[in-house]
Amino acid sequence: QVQLVESGGGLVQAGGSLRLSCAASGRTFGIYLMGWFRQAPGKEREFVSAISRTGGTTYYGDSVKGRFTISRVNARNTIYLQMTSLKSEDTAVYFCVQSESAFTLPPDRARGSGFWDYWGQGTQVTVSS
């Protein structure tokens with residue numbers, strides 16, 4: 001059973017930074033594609049970022065490109081989302097996701113929630129203006 005546990009959320013002022021972490025269970029973490037989605041109140045889930053197995057390929061949603069950075073440390077079974085220049089519109093619950101269904105990271109399919117097999121419980125990020 002895969003478990004994804006997010007941490008690092010909280011309250012931050014606009015312009016500030018936060019780093020989210022996602023710890024995954026399992027001994028074969030390094031073979032899975034990983035990513036982040038978010039959902040704001042009253043809105044649909046939105047693709048934030050995704051990362052390939054080795055970390056060599058990354059994708060970002062248009063609203064966070066240039067401000068957020070995804071990374072992973074396979075030896076720690078962990079991925080990170082470094083968020084900078086935060087805006088009030090970044091306020092949302094952030095979910096860590098994992099996919100077993102592909103070997104490489106497809107740029108279009110990875111942006112859809114249906115591509116991802118496992119979801120964490122989420123961590124709240126609130127940006128005050």
# chains A, B, ... in the order shown; residues from 1 in each chain; ligands from 1

call {"tool": "residues_around", "arguments": {"residues": "Met83 (chain A)", "least_positions_apart": "6", "cutoff": "10 Å", "atoms": "only C-alpha atoms", "output": "ChimeraX atom specification"}}
result
/A:15-20,64,66-70,90

call {"tool": "closest_atom_pairs", "arguments": {"of": "region 53-128 of chain A", "to": "region 28-36 of chain A", "cutoff": "7 Å", "atoms": "only C-alpha atoms", "output": "Markdown table"}}
result
| residue | atom | partner | partner_atom | distance |
| --- | --- | --- | --- | --- |
| A:Arg53 | CA | A:Leu33 | CA | 5.3 |
| A:Asn74 | CA | A:Gly30 | CA | 5.3 |
| A:Asn77 | CA | A:Phe29 | CA | 5.7 |
| A:Tyr94 | CA | A:Trp36 | CA | 6.8 |
| A:Phe95 | CA | A:Trp36 | CA | 5.5 |
| A:Cys96 | CA | A:Trp36 | CA | 4.7 |
| A:Val97 | CA | A:Gly35 | CA | 5.1 |
| A:Gln98 | CA | A:Met34 | CA | 4.5 |
| A:Ser99 | CA | A:Leu33 | CA | 5.2 |
| A:Glu100 | CA | A:Tyr32 | CA | 5.8 |
| A:Leu105 | CA | A:Leu33 | CA | 6.9 |

call {"tool": "write_last_selection", "arguments": {"atoms": "N, CA, C and O atoms", "output": "compact mmCIF listing (two decimals), in the first residue's frame"}}
result
# COMPACT_ATOMS: atom_id res chain seq x y z
N ARG A 53 11.48 10.09 -13.12
CA ARG A 53 12.05 9.16 -12.14
C ARG A 53 13.40 9.62 -11.62
O ARG A 53 13.71 9.49 -10.44
N ASN A 74 15.74 10.45 -4.23
CA ASN A 74 15.25 9.07 -4.22
C ASN A 74 15.74 8.29 -3.02
O ASN A 74 15.04 7.43 -2.50
N ASN A 77 13.27 8.81 -0.44
CA ASN A 77 11.86 8.59 -0.81
C ASN A 77 11.05 9.87 -0.67
O ASN A 77 9.90 9.84 -0.21
N TYR A 94 -2.40 21.51 -1.13
CA TYR A 94 -1.45 20.94 -2.07
C TYR A 94 -1.35 19.43 -1.85
O TYR A 94 -1.12 18.99 -0.73
N PHE A 95 -1.48 18.69 -2.95
CA PHE A 95 -1.47 17.24 -2.91
C PHE A 95 -0.26 16.68 -3.63
O PHE A 95 0.06 17.11 -4.75
N CYS A 96 0.37 15.72 -3.00
CA CYS A 96 1.44 14.95 -3.62
C CYS A 96 0.82 13.77 -4.37
O CYS A 96 -0.13 13.16 -3.87
N VAL A 97 1.37 13.46 -5.54
CA VAL A 97 0.81 12.38 -6.34
C VAL A 97 1.91 11.47 -6.87
O VAL A 97 3.06 11.90 -7.03
N GLN A 98 1.54 10.22 -7.14
CA GLN A 98 2.49 9.24 -7.65
C GLN A 98 1.83 8.44 -8.76
O GLN A 98 0.64 8.09 -8.65
N SER A 99 2.58 8.14 -9.81
CA SER A 99 2.06 7.34 -10.91
C SER A 99 2.90 6.10 -11.11
O SER A 99 4.13 6.18 -11.11
N GLU A 100 2.21 4.97 -11.31
CA GLU A 100 2.88 3.72 -11.65
C GLU A 100 2.63 3.34 -13.11
O GLU A 100 3.10 2.31 -13.56
N LEU A 105 7.75 10.52 -18.42
CA LEU A 105 6.79 11.54 -18.01
C LEU A 105 6.16 12.20 -19.24
O LEU A 105 6.80 13.01 -19.91

call {"tool": "closest_atom_pairs", "arguments": {"of": "region 32-81 of chain A", "to": "region 6-12 of chain A", "cutoff": "12 Å", "atoms": "only C-alpha atoms", "output": "JSON lines"}}
result
{"residue": "A:Gly35", "atom": "CA", "partner": "A:Glu6", "partner_atom": "CA", "distance": 11.6}
{"residue": "A:Trp36", "atom": "CA", "partner": "A:Glu6", "partner_atom": "CA", "distance": 10.1}
{"residue": "A:Phe37", "atom": "CA", "partner": "A:Glu6", "partner_atom": "CA", "distance": 11.7}
{"residue": "A:Arg38", "atom": "CA", "partner": "A:Gly9", "partner_atom": "CA", "distance": 12.0}
{"residue": "A:Thr78", "atom": "CA", "partner": "A:Glu6", "partner_atom": "CA", "distance": 9.6}
{"residue": "A:Ile79", "atom": "CA", "partner": "A:Glu6", "partner_atom": "CA", "distance": 9.4}
{"residue": "A:Tyr80", "atom": "CA", "partner": "A:Glu6", "partner_atom": "CA", "distance": 9.3}
{"residue": "A:Leu81", "atom": "CA", "partner": "A:Gly8", "partner_atom": "CA", "distance": 9.5}

call {"tool": "select_by_dssp", "arguments": {"residues": "chain A", "states": "strand (DSSP E)", "output": "PyMOL selection string"}}
result
chain A and resi 4-7+10-13+18-24+33-39+46-51+58-60+68-73+78-83+92-99+118-119+123-128
